[in-house]
>>> print(open('input-v8.txt').read())   # compact mmCIF, C-alpha atoms
# COMPACT_ATOMS: atom_id res chain seq x y z
CA HIS S 11 48.81 10.11 -8.82
CA GLN S 12 45.11 10.72 -9.60
CA LEU S 13 44.33 7.01 -9.20
CA ARG S 14 46.02 6.96 -5.77
CA ASN S 15 44.02 10.00 -4.65
CA LEU S 16 40.79 8.37 -5.85
CA ARG S 17 41.55 5.21 -3.89
CA GLU S 18 42.25 7.23 -0.75
CA PHE S 19 38.97 9.10 -1.21
CA TYR S 20 36.89 5.92 -1.40
CA LYS S 21 38.77 4.37 1.53
CA LEU S 22 38.07 7.42 3.69
CA ARG S 23 34.40 7.41 2.68
CA ARG S 24 34.04 3.74 3.62
CA ARG S 25 35.60 4.45 7.05
CA ARG S 26 33.22 7.31 7.69
CA ARG S 27 30.24 5.22 6.63
CA ARG S 28 31.20 2.39 9.01
CA ARG S 29 31.68 4.89 11.82
CA ARG S 30 28.22 6.37 11.28
CA GLN S 31 26.65 2.91 11.25
CA LEU S 32 28.31 2.01 14.54
CA HIS S 33 27.08 5.13 16.33
CA ARG S 34 23.74 5.65 14.69
CA HIS S 35 20.68 5.13 16.87
CA GLN S 36 18.12 2.97 15.10
CA PRO S 37 14.59 3.70 16.46
CA TYR S 38 11.90 1.04 16.23
CA HIS S 39 9.38 1.58 13.44
CA TYR S 40 6.07 -0.25 13.20
CA GLN S 41 6.19 -2.61 10.24
CA PRO S 42 2.71 -3.35 8.87
CA PRO S 43 1.88 -7.02 8.29
CA ARG S 44 2.12 -8.54 4.85
CA VAL S 45 -1.01 -7.82 2.83
CA ARG S 46 -2.90 -10.87 1.70
CA HIS S 47 -5.18 -10.81 -1.32
CA HIS S 48 -8.28 -10.37 0.84
CA ALA S 49 -6.82 -8.31 3.69
CA ILE S 50 -6.35 -4.59 4.15
CA THR S 51 -3.29 -3.75 6.19
CA THR S 52 -3.97 -1.61 9.24
CA THR S 53 -2.11 1.59 10.08
CA ASN S 54 -2.40 4.17 12.82
CA HIS S 55 -5.40 6.44 12.63
CA PRO S 56 -5.50 10.09 13.79
CA ARG S 57 -7.93 9.08 16.55
CA ARG S 58 -6.19 9.26 19.91
CA ALA S 59 -7.43 7.01 22.71
CA PRO S 60 -6.00 4.59 25.27
CA PHE S 61 -5.22 1.21 23.77
CA MET S 62 -7.75 -1.52 24.48
CA PRO S 63 -7.30 -5.30 24.76
CA LEU S 64 -8.32 -7.16 21.64
CA ASP S 65 -11.56 -9.04 22.19
CA GLU S 66 -14.91 -9.36 20.46
CA ASP S 67 -16.77 -6.90 22.69
CA ASN S 68 -14.15 -4.17 22.21
CA VAL S 69 -14.11 -4.68 18.44
CA LYS S 70 -17.89 -4.30 18.32
CA GLU S 71 -17.77 -1.22 20.56
CA MET S 72 -15.07 0.52 18.51
CA LEU S 73 -16.79 -0.40 15.25
CA GLU S 74 -19.94 1.30 16.52
CA GLU S 75 -17.84 4.32 17.50
CA PHE S 76 -16.44 4.41 13.95
CA VAL S 77 -19.95 4.32 12.48
CA THR S 78 -20.98 7.31 14.63
CA SER S 79 -17.72 9.22 14.05
CA GLU S 80 -17.23 12.15 11.69
CA TYR S 81 -16.19 9.67 9.00
CA GLY S 82 -19.26 7.56 9.58
CA GLU S 83 -21.65 10.50 9.45
CA SER S 84 -20.95 10.87 5.73
CA MET S 85 -20.42 7.19 4.95
CA PHE S 86 -23.26 5.09 6.36
CA GLY S 87 -26.98 5.03 5.66
CA CYS S 88 -27.95 4.96 9.34
CA HIS S 89 -27.42 8.74 9.41
CA GLU S 90 -30.06 11.15 8.15
CA LYS S 91 -27.93 13.14 5.71
CA PRO S 92 -26.41 10.16 3.81
CA GLU S 93 -29.78 8.40 3.77
CA SER S 94 -31.38 11.47 2.20
CA VAL S 95 -29.13 11.16 -0.88
CA GLY S 96 -29.50 7.40 -1.37
CA ILE S 97 -26.61 6.06 0.75
CA THR S 98 -27.72 2.80 2.37
CA GLY S 99 -24.33 1.24 3.21
CA GLU S 100 -23.84 -0.70 6.43
CA ILE S 101 -20.81 -2.30 8.09
CA GLY S 102 -21.02 -5.12 10.61
CA PHE S 103 -18.92 -7.41 12.75
CA VAL S 104 -18.63 -11.05 11.62
CA ASP S 105 -15.77 -12.77 13.43
CA LEU S 106 -12.55 -12.37 15.40
CA ASP S 107 -9.90 -15.02 14.72
CA GLY S 108 -6.73 -14.31 16.70
CA PRO S 109 -5.45 -10.89 15.53
CA GLU S 110 -7.66 -10.85 12.40
CA VAL S 111 -11.08 -9.21 12.24
CA THR S 112 -13.74 -10.09 9.69
CA LEU S 113 -16.42 -7.52 8.83
CA SER S 114 -19.32 -7.37 6.39
CA LEU S 115 -20.36 -4.64 3.94
CA GLU S 116 -23.95 -4.32 2.72
CA GLY S 117 -25.96 -1.76 0.81
CA GLN S 118 -24.88 1.12 -1.41
CA PHE S 119 -21.94 3.37 -0.54
CA TRP S 120 -20.90 6.70 -2.05
CA HIS S 121 -17.29 5.82 -1.18
CA ARG S 122 -15.51 2.87 -2.72
CA ARG S 123 -16.14 -0.21 -0.62
CA GLU S 124 -12.38 -0.76 -0.22
CA THR S 125 -12.14 2.75 1.25
CA VAL S 126 -14.90 1.98 3.76
CA LEU S 127 -13.16 -1.21 4.88
CA GLY S 128 -9.76 0.48 4.95
CA ARG S 129 -10.93 3.33 7.19
CA ALA S 130 -12.63 0.88 9.52
CA ALA S 131 -9.37 -1.07 9.69
CA GLN S 132 -7.39 2.06 10.56
CA TRP S 133 -9.88 3.04 13.26
CA LEU S 134 -9.88 -0.39 14.90
CA ASN S 135 -6.10 -0.71 14.77
CA ALA S 136 -5.66 2.69 16.41
CA CYS S 137 -7.67 1.36 19.38
CA MET S 138 -6.29 -2.20 19.36
CA PRO S 139 -2.78 -2.37 17.86
CA GLU S 140 -2.81 -6.17 18.16
CA ILE S 141 -5.02 -6.29 15.06
CA THR S 142 -2.98 -7.31 12.04
CA ALA S 143 -5.66 -7.43 9.33
CA VAL S 144 -9.28 -6.56 8.71
CA ASN S 145 -11.01 -8.72 6.13
CA VAL S 146 -14.38 -9.33 4.57
CA GLY S 147 -15.71 -12.86 4.51
CA ASP S 148 -16.34 -12.76 0.77
CA MET S 149 -14.20 -10.82 -1.70
CA ASP S 150 -17.34 -10.00 -3.69
CA GLU S 151 -18.35 -7.65 -0.90
CA LEU S 152 -15.56 -5.30 -2.03
CA LYS S 153 -16.86 -5.03 -5.60
CA ASP S 154 -18.46 -1.69 -6.43
CA ASP S 155 -19.80 -3.03 -9.72
CA VAL S 156 -21.18 -6.57 -9.93
CA GLU S 157 -21.63 -8.82 -12.95
CA GLU S 158 -23.61 -12.03 -12.63
CA LEU S 159 -22.70 -14.70 -15.17
CA ASP S 160 -24.58 -17.80 -16.25
CA PRO S 161 -22.79 -20.72 -14.53
CA ASP S 162 -23.24 -22.94 -17.58
CA THR S 163 -22.50 -20.64 -20.51
CA GLY S 164 -20.57 -17.83 -18.85
CA ALA S 165 -22.87 -15.31 -20.52
CA LEU S 166 -23.62 -12.05 -18.71
CA MET S 167 -27.01 -12.31 -17.04
CA GLU S 168 -27.12 -9.11 -15.01
CA SER S 169 -24.88 -6.21 -14.02
CA TYR S 170 -25.51 -3.57 -11.40
CA SER S 171 -23.71 -0.99 -9.29
CA ARG S 172 -23.40 -0.96 -5.52
CA LYS S 173 -22.57 2.74 -5.57
CA SER S 174 -25.13 5.17 -4.23
CA PRO S 175 -26.39 7.82 -6.69
CA ASP S 176 -24.01 10.63 -7.64
CA PHE S 177 -26.68 13.01 -6.36
CA ASN S 178 -24.90 16.29 -7.16
CA GLY S 179 -22.48 15.17 -9.88
CA ASP S 180 -19.41 15.76 -7.71
CA ARG S 181 -18.13 12.19 -7.82
CA SER S 182 -17.95 12.07 -11.62
CA THR S 183 -16.56 15.64 -11.74
CA MET S 184 -13.71 14.80 -9.36
CA GLU S 185 -12.95 11.59 -11.26
CA ARG S 186 -12.69 13.55 -14.53
CA MET S 187 -10.32 16.00 -12.80
CA GLY S 188 -8.12 13.14 -11.59
CA ILE S 189 -9.13 13.68 -7.95
CA ASP S 190 -9.98 10.75 -5.70
CA PRO S 191 -13.58 11.49 -4.58
CA ASP S 192 -13.10 9.50 -1.38
CA THR S 193 -10.61 12.04 -0.06
CA ARG S 194 -13.44 14.59 0.26
CA GLY S 195 -16.56 12.47 0.56
CA PRO S 196 -20.08 13.10 -0.72
CA PHE S 197 -20.73 16.43 0.98
CA PRO S 198 -18.72 19.57 0.10
CA PRO S 199 -17.72 21.70 3.08
CA GLY S 200 -20.10 24.56 3.77
CA VAL S 201 -20.77 27.16 6.38
CA GLY S 202 -21.67 25.46 9.62
CA GLY S 203 -21.02 21.95 8.35
CA PHE S 204 -21.86 20.05 5.17
CA ALA S 205 -23.91 21.67 2.45
CA THR S 206 -25.99 18.85 1.04
CA GLY S 207 -27.35 20.86 -1.85
CA GLY S 208 -24.02 22.22 -3.02
CA SER S 209 -21.70 20.82 -5.67
CA MET S 210 -18.36 21.48 -7.31
CA SER S 211 -19.87 22.61 -10.57
CA THR S 212 -22.99 24.43 -9.34
CA PRO S 213 -22.85 26.76 -6.34
CA ALA S 214 -25.29 25.95 -3.55
>>> encode(input="input-v8.txt", output="structure tokens")
Amino acid sequence: HQLRNLREFYKLRRRRRRRRQLHRHQPYHYQPPRVRHHAITTTNHPRRAPFMPLDEDNVKEMLEEFVTSEYGESMFGCHEKPESVGITGEIGFVDLDGPEVTLSLEGQFWHRRETVLGRAAQWLNACMPEITAVNVGDMDELKDDVEELDPDTGALMESYSRKSPDFNGDRSTMERMGIDPDTRGPFPPGVGGFATGGSMSTPA
């Protein structure tokens, strides 16, 4: 008797499941493209603007807008505040091949270089959804720490960091606390904007 009741239960559940599947509305969801080893997948960015056709001029224009955005004001060395603490990082347009954009990264960044490229990718994709990937021409451009080896012996010849100075100690403090420093950026929030002299461990 118990076995018969159990069979009836599972039969009824299967019927209900099929009925829900037949009547369920399936909305379309954006599926990001497959990530290649040198590509950062693009996703929608909070920026809201009319979509633009994908061409070289629009990519350059929106990249410049990203550099001058709130993100860019704490990320790139062309701005006075980042430059004052040793940030010299620059981002530039290299090529547009179909739906794929190639950029370049130069100088020293406070953020991880992958973060810089990723946020640029999100910004561009929010303006031009046709973009499927944003790359760098050379994977070495994404390395925050570089080691140069002797081509003959493989011995380490030189090592250096592409990170800008941890001017107030916040980056290392957040890393020790298990916090991703890139989520906040180099400048702690202060009254009326960013407080350059402040830090997490020492009040401004």
>>> atom_distance(input="input-v8.txt", atom1="CA of Arg129 (chain S)", atom2="CA of Tyr170 (chain S)")
24.6 Å
>>> closest_residue(input="input-v8.txt", among="S:Leu134, S:Ser84, S:Val146, S:Glu18", to="Pro198 (chain S)", atoms="all atoms listed in the file")
S:Ser84
>>> residues_around(input="input-v8.txt", residues="Leu73 (chain S)", least_positions_apart="4", cutoff="12 Å", atoms="all atoms listed in the file", output="PyMOL selection string")
chain S and resi 66-69+77-79+81-82+100-104+111-114+126-127+129-138+144
>>> residues_around(input="input-v8.txt", residues="Gly195 (chain S)", least_positions_apart="6", cutoff="10 Å", atoms="only C-alpha atoms", output="ChimeraX atom specification")
/S:81,84-85,120-121,180-181
>>> closest_residue(input="input-v8.txt", among="S:Asp65, S:Glu151, S:Glu90, S:Glu75", to="Pro109 (chain S)", atoms="all atoms listed in the file")
S:Asp65
>>> atom_distance(input="input-v8.txt", atom1="CA of Thr98 (chain S)", atom2="CA of Arg123 (chain S)")
12.3 Å
>>> closest_residue(input="input-v8.txt", among="S:Glu168, S:Glu83, S:Glu140, S:Asp176", to="Leu106 (chain S)", atoms="all atoms listed in the file")
S:Glu140
>>> closest_residue(input="input-v8.txt", among="S:Pro199, S:Pro139, S:Arg122, S:Glu185", to="Ser171 (chain S)", atoms="only C-alpha atoms")
S:Arg122
